[in-house]
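Shown below: entry13.cif, with mmCIF, C-alpha atoms.
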data_my_file
#
loop_
_atom_site.label_atom_id
_atom_site.label_comp_id
_atom_site.auth_asym_id
_atom_site.auth_seq_id
_atom_site.Cartn_x
_atom_site.Cartn_y
_atom_site.Cartn_z
CA MET U 16 -43.77 -86.62 -30.27
CA ALA U 17 -41.60 -84.68 -32.84
CA PRO U 18 -42.56 -84.93 -36.51
CA LYS U 19 -40.30 -87.05 -38.65
CA ALA U 20 -38.25 -85.27 -41.31
CA SER U 21 -39.50 -85.94 -44.80
CA LYS U 22 -37.16 -88.06 -46.80
CA GLY U 23 -36.75 -86.72 -50.33
CA LYS U 24 -34.59 -84.73 -52.71
CA LYS U 25 -33.30 -81.33 -51.63
CA VAL U 26 -34.84 -78.33 -53.43
CA ALA U 27 -32.36 -76.49 -55.68
CA PRO U 28 -31.65 -72.91 -54.65
CA ALA U 29 -33.20 -70.09 -56.67
CA PRO U 30 -31.02 -68.88 -59.56
CA ASN U 31 -28.82 -65.75 -59.16
CA THR U 32 -29.26 -65.79 -55.42
CA ALA U 33 -25.80 -67.06 -54.70
CA LYS U 34 -23.44 -64.17 -54.12
CA SER U 35 -20.37 -64.37 -56.27
CA LYS U 36 -17.23 -63.62 -54.38
CA ILE U 37 -15.29 -60.78 -56.07
CA THR U 38 -11.70 -60.61 -55.04
CA LYS U 39 -10.40 -57.03 -55.02
CA ALA U 40 -6.79 -56.37 -55.71
CA PRO U 41 -5.02 -55.02 -52.67
CA ALA U 42 -4.71 -51.22 -52.82
CA ASN U 43 -1.22 -49.84 -53.15
CA PRO U 44 -0.50 -47.87 -49.97
CA LEU U 45 1.90 -45.58 -51.86
CA PHE U 46 -0.86 -44.15 -54.06
CA GLU U 47 -3.76 -42.90 -52.02
CA LYS U 48 -7.01 -42.23 -53.87
CA ARG U 49 -8.01 -38.57 -53.62
CA PRO U 50 -11.23 -37.96 -55.59
CA LYS U 51 -11.84 -34.31 -56.54
CA ASN U 52 -14.88 -32.43 -55.37
CA PHE U 53 -16.08 -29.83 -57.89
CA ALA U 54 -18.72 -28.33 -55.62
CA ILE U 55 -18.80 -24.56 -54.98
CA GLY U 56 -15.74 -23.44 -53.07
CA GLN U 57 -13.96 -26.79 -53.47
CA ASP U 58 -11.51 -27.95 -56.16
CA VAL U 59 -10.63 -25.78 -59.18
CA GLN U 60 -13.00 -26.44 -62.08
CA PRO U 61 -11.52 -28.17 -65.16
CA LYS U 62 -10.88 -26.05 -68.26
CA ARG U 63 -13.78 -26.08 -70.69
CA ASN U 64 -14.25 -24.69 -74.19
CA LEU U 65 -16.47 -21.66 -73.56
CA SER U 66 -16.15 -20.05 -77.01
CA ARG U 67 -19.85 -20.68 -77.69
CA PHE U 68 -20.76 -18.64 -74.62
CA VAL U 69 -18.41 -15.69 -75.23
CA ARG U 70 -20.08 -12.39 -76.05
CA TRP U 71 -17.91 -11.36 -78.96
CA PRO U 72 -17.62 -7.69 -80.02
CA GLU U 73 -20.14 -6.54 -82.61
CA TYR U 74 -17.59 -6.10 -85.41
CA ILE U 75 -16.45 -9.72 -85.00
CA ARG U 76 -20.06 -10.96 -85.05
CA LEU U 77 -20.71 -8.94 -88.24
CA GLN U 78 -17.56 -10.33 -89.89
CA ARG U 79 -18.60 -13.90 -89.14
CA GLN U 80 -22.22 -13.39 -90.20
CA LYS U 81 -21.05 -11.77 -93.45
CA ALA U 82 -18.72 -14.70 -94.18
CA ILE U 83 -21.54 -17.20 -93.57
CA LEU U 84 -23.97 -15.23 -95.77
CA LYS U 85 -21.40 -15.16 -98.59
CA LEU U 86 -21.30 -18.95 -98.47
CA ARG U 87 -25.06 -19.49 -98.21
CA LEU U 88 -26.47 -16.93 -100.68
CA LYS U 89 -26.15 -17.22 -104.45
CA VAL U 90 -23.47 -14.75 -105.58
CA PRO U 91 -23.81 -13.30 -109.11
CA PRO U 92 -20.80 -13.59 -111.45
CA ALA U 93 -20.01 -9.85 -111.35
CA ILE U 94 -19.33 -10.12 -107.60
CA ASN U 95 -18.07 -13.70 -107.56
CA GLN U 96 -15.11 -12.79 -109.81
CA PHE U 97 -13.52 -10.94 -106.88
CA SER U 98 -13.18 -14.23 -104.98
CA LYS U 99 -10.82 -15.58 -107.67
CA THR U 100 -7.56 -13.84 -106.80
CA LEU U 101 -4.16 -14.13 -108.42
CA ASP U 102 -2.05 -17.12 -107.34
CA LYS U 103 0.60 -16.59 -104.69
CA ASN U 104 3.74 -16.74 -106.88
CA THR U 105 2.40 -14.39 -109.57
CA ALA U 106 1.10 -11.98 -106.93
CA LEU U 107 4.55 -11.96 -105.30
CA ASN U 108 6.15 -11.00 -108.62
CA VAL U 109 3.51 -8.29 -109.17
CA PHE U 110 4.24 -6.69 -105.80
CA LYS U 111 8.00 -6.91 -106.40
CA LEU U 112 7.51 -4.88 -109.57
CA LEU U 113 5.10 -2.43 -107.90
CA ASN U 114 7.53 -1.77 -105.04
CA LYS U 115 10.17 -0.64 -107.54
CA TYR U 116 7.87 2.22 -108.61
CA ARG U 117 6.52 3.46 -105.30
CA PRO U 118 5.63 7.18 -105.29
CA GLU U 119 7.71 9.52 -103.14
CA THR U 120 6.88 9.91 -99.46
CA LYS U 121 5.98 13.21 -97.77
CA VAL U 122 9.55 13.52 -96.43
CA GLU U 123 11.07 12.97 -99.88
CA LYS U 124 8.65 15.46 -101.44
CA LYS U 125 9.49 18.07 -98.80
CA ALA U 126 13.23 17.59 -99.42
CA ARG U 127 12.74 17.95 -103.20
CA ILE U 128 10.66 21.13 -102.89
CA THR U 129 13.12 22.61 -100.37
CA ALA U 130 16.04 21.94 -102.71
CA ALA U 131 14.16 23.56 -105.60
CA ALA U 132 13.30 26.60 -103.46
CA GLN U 133 16.93 26.97 -102.36
CA ALA U 134 18.04 26.84 -105.98
CA VAL U 135 15.57 29.61 -106.87
CA ALA U 136 16.71 31.72 -103.87
CA ALA U 137 20.35 31.32 -104.89
CA LYS U 138 19.41 32.27 -108.46
CA THR U 139 21.14 29.19 -109.83
CA LYS U 140 19.82 27.46 -112.87
CA ALA U 141 18.35 24.18 -111.66
CA GLU U 142 18.48 21.24 -114.01
CA PRO U 143 14.99 20.17 -115.05
CA GLY U 144 14.48 16.70 -113.57
CA LYS U 145 13.07 13.83 -115.54
CA LYS U 146 9.44 12.94 -115.06
CA PRO U 147 9.33 10.25 -112.34
CA ILE U 148 7.98 6.82 -113.27
CA ASN U 149 5.56 5.87 -110.51
CA VAL U 150 2.60 3.62 -109.86
CA LYS U 151 -0.71 5.44 -110.39
CA TYR U 152 -3.42 5.12 -107.75
CA GLY U 153 -6.86 6.50 -106.99
CA ILE U 154 -9.96 5.01 -108.61
CA ASN U 155 -10.74 8.11 -110.70
CA HIS U 156 -7.15 8.40 -111.95
CA VAL U 157 -6.94 4.68 -112.79
CA THR U 158 -10.30 4.86 -114.61
CA ALA U 159 -9.10 7.76 -116.75
CA LEU U 160 -5.90 5.86 -117.62
CA VAL U 161 -7.87 2.73 -118.60
CA GLU U 162 -10.29 4.75 -120.75
CA ALA U 163 -7.35 6.42 -122.50
CA LYS U 164 -5.65 2.99 -122.89
CA LYS U 165 -2.53 4.33 -121.18
CA ALA U 166 -2.48 1.70 -118.44
CA GLN U 167 -0.32 -1.34 -119.19
CA LEU U 168 -1.45 -3.31 -116.12
CA VAL U 169 -4.24 -2.70 -113.59
CA ILE U 170 -4.23 -4.31 -110.13
CA ILE U 171 -7.58 -4.39 -108.24
CA ALA U 172 -8.11 -5.27 -104.56
CA HIS U 173 -10.48 -8.18 -103.83
CA ASP U 174 -11.96 -6.81 -100.57
CA VAL U 175 -13.10 -3.29 -101.47
CA ASP U 176 -16.11 -2.22 -99.40
CA PRO U 177 -18.55 -1.23 -100.83
CA ILE U 178 -17.76 -3.50 -103.77
CA GLU U 179 -19.66 -1.17 -106.15
CA LEU U 180 -16.59 1.11 -106.21
CA VAL U 181 -14.69 -1.38 -108.41
CA LEU U 182 -17.48 -3.68 -109.62
CA TRP U 183 -17.41 -2.23 -113.14
CA LEU U 184 -13.62 -1.90 -113.47
CA PRO U 185 -12.88 -5.47 -114.75
CA ALA U 186 -15.54 -5.07 -117.48
CA LEU U 187 -14.03 -1.71 -118.50
CA CYS U 188 -10.54 -3.24 -118.65
CA ARG U 189 -11.80 -6.10 -120.83
CA LYS U 190 -13.57 -3.66 -123.15
CA GLN U 191 -10.47 -1.46 -123.52
CA GLY U 192 -8.13 -4.45 -123.84
CA VAL U 193 -6.16 -3.53 -120.71
CA PRO U 194 -4.70 -6.45 -118.69
CA TYR U 195 -6.05 -6.55 -115.14
CA ALA U 196 -5.67 -8.78 -112.08
CA ILE U 197 -7.46 -9.14 -108.74
CA VAL U 198 -5.18 -9.56 -105.71
CA LYS U 199 -5.33 -9.70 -101.93
CA SER U 200 -5.81 -7.14 -100.42
CA LYS U 201 -6.60 -3.40 -100.29
CA SER U 202 -4.26 -2.87 -97.32
CA ARG U 203 -1.43 -4.60 -99.19
CA LEU U 204 -2.01 -2.31 -102.18
CA GLY U 205 -2.09 0.65 -99.79
CA THR U 206 1.42 -0.08 -98.50
CA VAL U 207 2.77 0.35 -102.04
CA VAL U 208 1.54 3.96 -102.25
CA HIS U 209 2.08 4.89 -98.55
CA LYS U 210 -1.63 4.77 -97.71
CA LYS U 211 -3.77 2.66 -95.39
CA THR U 212 -5.71 1.15 -98.28
CA ALA U 213 -5.95 1.44 -102.05
CA THR U 214 -8.72 0.13 -104.31
CA ALA U 215 -6.71 -0.13 -107.54
CA LEU U 216 -3.23 0.59 -108.93
CA ALA U 217 -2.07 1.04 -112.49
CA ILE U 218 1.31 0.75 -114.19
CA THR U 219 1.66 3.08 -117.18
CA GLU U 220 5.36 2.72 -117.98
CA VAL U 221 8.48 1.02 -116.64
CA ARG U 222 12.21 1.40 -117.04
CA PRO U 223 13.91 -0.54 -119.86
CA GLU U 224 15.42 -3.13 -117.48
CA ASP U 225 11.93 -4.07 -116.20
CA LYS U 226 10.14 -4.37 -119.56
CA GLN U 227 10.73 -8.10 -119.84
CA GLU U 228 9.40 -8.71 -116.32
CA LEU U 229 6.29 -6.65 -117.08
CA ALA U 230 5.69 -8.55 -120.33
CA ALA U 231 5.83 -11.88 -118.46
CA LEU U 232 3.35 -10.63 -115.85
CA VAL U 233 1.00 -9.26 -118.51
CA SER U 234 0.91 -12.59 -120.36
CA ALA U 235 0.21 -14.50 -117.11
CA VAL U 236 -2.52 -12.04 -116.08
CA LYS U 237 -4.19 -12.10 -119.50
CA ALA U 238 -4.35 -15.89 -119.43
CA ASN U 239 -6.02 -15.85 -115.99
CA TYR U 240 -8.47 -12.96 -116.44
CA ASN U 241 -8.85 -11.27 -119.84
CA ASP U 242 -8.92 -14.51 -121.84
CA LYS U 243 -11.43 -16.14 -119.44
CA ALA U 244 -14.13 -13.49 -119.87
CA ASP U 245 -16.86 -15.98 -120.90
CA GLU U 246 -16.06 -18.32 -118.02
CA ILE U 247 -16.08 -15.44 -115.51
CA ARG U 248 -19.40 -14.17 -116.90
CA LYS U 249 -21.09 -17.53 -116.31
CA SER U 250 -19.63 -18.73 -113.00
CA TRP U 251 -21.89 -18.09 -110.01
CA GLY U 252 -20.74 -18.41 -106.42
CA GLY U 253 -22.18 -19.26 -103.01
CA GLY U 254 -25.02 -21.71 -102.49
CA ILE U 255 -22.97 -23.77 -100.02
CA MET U 256 -25.25 -24.94 -97.22
CA GLY U 257 -24.30 -25.90 -93.67
CA GLN U 258 -23.62 -29.44 -92.47
CA LYS U 259 -27.08 -29.85 -90.89
CA SER U 260 -28.86 -28.75 -94.07
CA ARG U 261 -26.72 -31.07 -96.20
CA ASN U 262 -27.48 -34.01 -93.90
CA MET U 263 -31.21 -33.22 -94.07
CA MET U 264 -31.18 -33.02 -97.88
CA ALA U 265 -29.23 -36.29 -98.12
CA LYS U 266 -31.79 -37.94 -95.85
CA ARG U 267 -34.66 -36.65 -98.03
CA GLU U 268 -32.98 -37.89 -101.21
CA LYS U 269 -32.41 -41.29 -99.64
CA ALA U 270 -36.07 -41.51 -98.57
CA ALA U 271 -37.28 -40.43 -102.04
CA ALA U 272 -35.05 -43.04 -103.71
CA LYS U 273 -36.36 -45.73 -101.34
CA ALA U 274 -40.01 -44.76 -102.04
CA LYS U 275 -39.35 -44.82 -105.78
CA LYS U 276 -37.79 -48.28 -105.50
CA ILE U 277 -40.80 -49.61 -103.56
CA ALA U 278 -43.22 -48.10 -106.11
CA VAL U 279 -41.41 -49.86 -108.94
#

Exercise: express the given structure as structure tokens:
Amino acid sequence: MAPKASKGKKVAPAPNTAKSKITKAPANPLFEKRPKNFAIGQDVQPKRNLSRFVRWPEYIRLQRQKAILKLRLKVPPAINQFSKTLDKNTALNVFKLLNKYRPETKVEKKARITAAAQAVAAKTKAEPGKKPINVKYGINHVTALVEAKKAQLVIIAHDVDPIELVLWLPALCRKQGVPYAIVKSKSRLGTVVHKKTATALAITEVRPEDKQELAALVSAVKANYNDKADEIRKSWGGGIMGQKSRNMMAKREKAAAKAKKIAV
């Protein structure tokens, strides 16, 4: 005889066992899904930023390391003063004036000497030309002009290497009372005198029509450099740490402040 079914309440199903029905949206037949396969020999790899993995040339690595060291290390005032260059507008006016007094090129010099030689050969009395008014260049020449107080304005490049070549020149200019300025860069100064680079240029005299322009430049330069001798002598540079180091120091300071607060 079959057992009778027990009459009682039905047992509730276990939780989370019922499968929820998820209704998927019907796929659009016009747009077929084509997943890419980036395995070897398959789809073209996406473009990635590989600059961290590039083996840069040695001169680029040295440039970057030097720039980082200049930020990290403490820079004494004598060297740090070369990082404070003349502002853009004043520098533009300085180079406008310098370009008016560029020395003659090799072609112009050859033409002048040839004309003088032809005059001598023809036995004609050549008129003695006036002494040309040019920009003076060459570190030894500029130094002699500053020592003799003949220079009215001295322009020094900010990126001379080694820096010891011009390190003492600002101090000499201040001692002799000669206005000086530091500008970017040695290659830009070189273009004025038809050279690749130039460490320093000096203006000894100008034509009457340019005297007012020179006076304005001298007053601006004196205010920025000669009159700020004490400030320049005291201002150190560098000591700027990287982002990781700054975060670490901030974390230490926060922990020290917290410990101090707890102790109190």

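If you look at CA of Ala137 in chain U and CA of Thr120 in chain U, they are 25.9 Å away from each other.
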
One decimal, Å: what's the distance from CA of Val193 in chain U over to CA of Ala244 in chain U, could you say? 12.8 Å

Hey, can you check how far CA of Val157 in chain U sits from CA of Ala230 in chain U? 19.8 Å

List the spatial neighbours of Lys99 in chain U as number ranges by chain - criterion: any atom at most 10 Å away, only C-alpha atoms, same-chain residues fewer than 6 positions off excluded. U: 173, 196-199, 239-240, 247

Residues from last step as file, C-alpha atoms, as a PDB file, in the coordinates of the input:
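Writing done, so here's part_15.pdb:
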ATOM      1  CA  HIS U 173     -10.480  -8.180-103.830  1.00  0.00           C
ATOM      2  CA  ALA U 196      -5.670  -8.780-112.080  1.00  0.00           C
ATOM      3  CA  ILE U 197      -7.460  -9.140-108.740  1.00  0.00           C
ATOM      4  CA  VAL U 198      -5.180  -9.560-105.710  1.00  0.00           C
ATOM      5  CA  LYS U 199      -5.330  -9.700-101.930  1.00  0.00           C
ATOM      6  CA  ASN U 239      -6.020 -15.850-115.990  1.00  0.00           C
ATOM      7  CA  TYR U 240      -8.470 -12.960-116.440  1.00  0.00           C
ATOM      8  CA  ILE U 247     -16.080 -15.440-115.510  1.00  0.00           C
TER       9      ILE U 247
END

Selection in question (the file shown): the PyMOL selection byres ((chain U and resi 82-95) around 10). Which residues does it include, as a PyMOL selection string? chain U and resi 76-81+96-99+173+178-179+181-183+185-186+246-257

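Closest to Gly153 in chain U among U:Val26, U:Leu216, U:Leu187, U:Ala106 is U:Leu216, based on only C-alpha atoms.
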
Coordinate excerpt as an mmCIF file, in the first residue's frame: range 72-188 of chain U, C-alpha atoms:
data_model
loop_
_atom_site.group_PDB
_atom_site.id
_atom_site.type_symbol
_atom_site.label_atom_id
_atom_site.label_comp_id
_atom_site.auth_asym_id
_atom_site.auth_seq_id
_atom_site.Cartn_x
_atom_site.Cartn_y
_atom_site.Cartn_z
ATOM 1 C CA PRO U 72 70.973 59.897 -27.650
ATOM 2 C CA GLU U 73 73.571 60.617 -24.982
ATOM 3 C CA TYR U 74 73.574 64.389 -25.507
ATOM 4 C CA ILE U 75 69.806 64.517 -24.900
ATOM 5 C CA ARG U 76 70.151 62.412 -21.742
ATOM 6 C CA LEU U 77 72.910 64.737 -20.479
ATOM 7 C CA GLN U 78 70.791 67.832 -21.216
ATOM 8 C CA ARG U 79 67.856 66.419 -19.263
ATOM 9 C CA GLN U 80 69.991 65.230 -16.343
ATOM 10 C CA LYS U 81 71.688 68.632 -16.166
ATOM 11 C CA ALA U 82 68.315 70.416 -16.118
ATOM 12 C CA ILE U 83 67.076 68.157 -13.298
ATOM 13 C CA LEU U 84 70.281 68.653 -11.276
ATOM 14 C CA LYS U 85 69.950 72.432 -11.632
ATOM 15 C CA LEU U 86 66.504 72.190 -10.058
ATOM 16 C CA ARG U 87 67.461 69.779 -7.276
ATOM 17 C CA LEU U 88 70.847 71.115 -6.098
ATOM 18 C CA LYS U 89 71.303 74.358 -4.175
ATOM 19 C CA VAL U 90 72.692 76.962 -6.600
ATOM 20 C CA PRO U 91 74.901 79.713 -5.119
ATOM 21 C CA PRO U 92 73.966 83.347 -5.877
ATOM 22 C CA ALA U 93 76.961 83.923 -8.181
ATOM 23 C CA ILE U 94 75.622 81.248 -10.559
ATOM 24 C CA ASN U 95 71.919 81.746 -9.866
ATOM 25 C CA GLN U 96 72.057 85.335 -11.175
ATOM 26 C CA PHE U 97 72.425 83.970 -14.720
ATOM 27 C CA SER U 98 68.931 82.438 -14.498
ATOM 28 C CA LYS U 99 67.397 85.926 -14.128
ATOM 29 C CA THR U 100 67.455 87.189 -17.708
ATOM 30 C CA LEU U 101 66.214 90.455 -19.129
ATOM 31 C CA ASP U 102 62.475 90.630 -19.864
ATOM 32 C CA LYS U 103 61.302 90.030 -23.418
ATOM 33 C CA ASN U 104 60.410 93.617 -24.414
ATOM 34 C CA THR U 105 63.628 95.171 -23.081
ATOM 35 C CA ALA U 106 65.708 92.393 -24.654
ATOM 36 C CA LEU U 107 63.992 93.055 -27.997
ATOM 37 C CA ASN U 108 64.953 96.739 -27.799
ATOM 38 C CA VAL U 109 68.534 95.817 -26.841
ATOM 39 C CA PHE U 110 68.918 93.570 -29.887
ATOM 40 C CA LYS U 111 67.364 96.219 -32.150
ATOM 41 C CA LEU U 112 70.075 98.630 -31.020
ATOM 42 C CA LEU U 113 72.837 96.011 -31.303
ATOM 43 C CA ASN U 114 71.828 95.124 -34.864
ATOM 44 C CA LYS U 115 72.344 98.744 -35.922
ATOM 45 C CA TYR U 116 76.042 98.445 -34.998
ATOM 46 C CA ARG U 117 76.941 95.032 -36.363
ATOM 47 C CA PRO U 118 80.603 94.714 -37.419
ATOM 48 C CA GLU U 119 81.391 94.285 -41.115
ATOM 49 C CA THR U 120 81.249 90.832 -42.663
ATOM 50 C CA LYS U 121 84.165 89.115 -44.418
ATOM 51 C CA VAL U 122 82.728 90.097 -47.826
ATOM 52 C CA GLU U 123 82.406 93.759 -46.818
ATOM 53 C CA LYS U 124 85.924 93.767 -45.371
ATOM 54 C CA LYS U 125 87.327 92.244 -48.567
ATOM 55 C CA ALA U 126 85.553 94.884 -50.686
ATOM 56 C CA ARG U 127 86.909 97.696 -48.478
ATOM 57 C CA ILE U 128 90.502 96.411 -48.591
ATOM 58 C CA THR U 129 90.281 95.858 -52.363
ATOM 59 C CA ALA U 130 89.049 99.418 -52.897
ATOM 60 C CA ALA U 131 91.882 100.772 -50.734
ATOM 61 C CA ALA U 132 94.453 98.694 -52.644
ATOM 62 C CA GLN U 133 93.101 99.919 -55.985
ATOM 63 C CA ALA U 134 93.345 103.498 -54.780
ATOM 64 C CA VAL U 135 96.989 102.945 -53.791
ATOM 65 C CA ALA U 136 97.751 101.282 -57.163
ATOM 66 C CA ALA U 137 96.176 104.189 -59.038
ATOM 67 C CA LYS U 138 98.192 106.609 -56.883
ATOM 68 C CA THR U 139 95.066 108.556 -55.993
ATOM 69 C CA LYS U 140 94.722 110.171 -52.637
ATOM 70 C CA ALA U 141 92.116 108.159 -50.756
ATOM 71 C CA GLU U 142 89.970 109.989 -48.263
ATOM 72 C CA PRO U 143 90.631 108.767 -44.730
ATOM 73 C CA GLY U 144 87.418 107.083 -43.594
ATOM 74 C CA LYS U 145 85.857 107.714 -40.242
ATOM 75 C CA LYS U 146 86.394 105.176 -37.503
ATOM 76 C CA PRO U 147 83.442 102.757 -37.661
ATOM 77 C CA ILE U 148 81.129 102.549 -34.663
ATOM 78 C CA ASN U 149 80.633 98.854 -33.977
ATOM 79 C CA VAL U 150 79.649 96.492 -31.203
ATOM 80 C CA LYS U 151 82.705 95.114 -29.376
ATOM 81 C CA TYR U 152 82.916 91.381 -28.712
ATOM 82 C CA GLY U 153 85.339 88.847 -27.284
ATOM 83 C CA ILE U 154 85.603 88.291 -23.538
ATOM 84 C CA ASN U 155 89.137 89.716 -23.254
ATOM 85 C CA HIS U 156 88.247 92.819 -25.279
ATOM 86 C CA VAL U 157 85.038 93.422 -23.303
ATOM 87 C CA THR U 158 86.929 92.983 -20.011
ATOM 88 C CA ALA U 159 89.517 95.575 -21.032
ATOM 89 C CA LEU U 160 86.746 98.029 -21.986
ATOM 90 C CA VAL U 161 84.960 97.515 -18.643
ATOM 91 C CA GLU U 162 88.199 97.978 -16.676
ATOM 92 C CA ALA U 163 88.906 101.196 -18.593
ATOM 93 C CA LYS U 164 85.266 102.309 -18.044
ATOM 94 C CA LYS U 165 84.840 102.793 -21.800
ATOM 95 C CA ALA U 166 81.868 100.444 -22.117
ATOM 96 C CA GLN U 167 78.467 102.139 -21.881
ATOM 97 C CA LEU U 168 76.476 98.876 -21.828
ATOM 98 C CA VAL U 169 77.569 95.239 -21.470
ATOM 99 C CA ILE U 170 75.361 92.339 -22.597
ATOM 100 C CA ILE U 171 76.200 88.863 -21.191
ATOM 101 C CA ALA U 172 74.805 85.507 -22.382
ATOM 102 C CA HIS U 173 72.999 83.388 -19.771
ATOM 103 C CA ASP U 174 74.082 79.955 -21.078
ATOM 104 C CA VAL U 175 77.872 80.215 -21.371
ATOM 105 C CA ASP U 176 79.555 76.849 -20.822
ATOM 106 C CA PRO U 177 81.722 76.660 -18.756
ATOM 107 C CA ILE U 178 80.036 79.388 -16.719
ATOM 108 C CA GLU U 179 83.395 80.350 -15.140
ATOM 109 C CA LEU U 180 84.223 82.301 -18.329
ATOM 110 C CA VAL U 181 81.745 85.053 -17.387
ATOM 111 C CA LEU U 182 81.071 84.304 -13.710
ATOM 112 C CA TRP U 183 83.119 87.291 -12.523
ATOM 113 C CA LEU U 184 81.978 89.770 -15.196
ATOM 114 C CA PRO U 185 78.787 91.040 -13.431
ATOM 115 C CA ALA U 186 80.809 91.755 -10.255
ATOM 116 C CA LEU U 187 83.428 93.636 -12.300
ATOM 117 C CA CYS U 188 80.710 95.690 -14.016
#
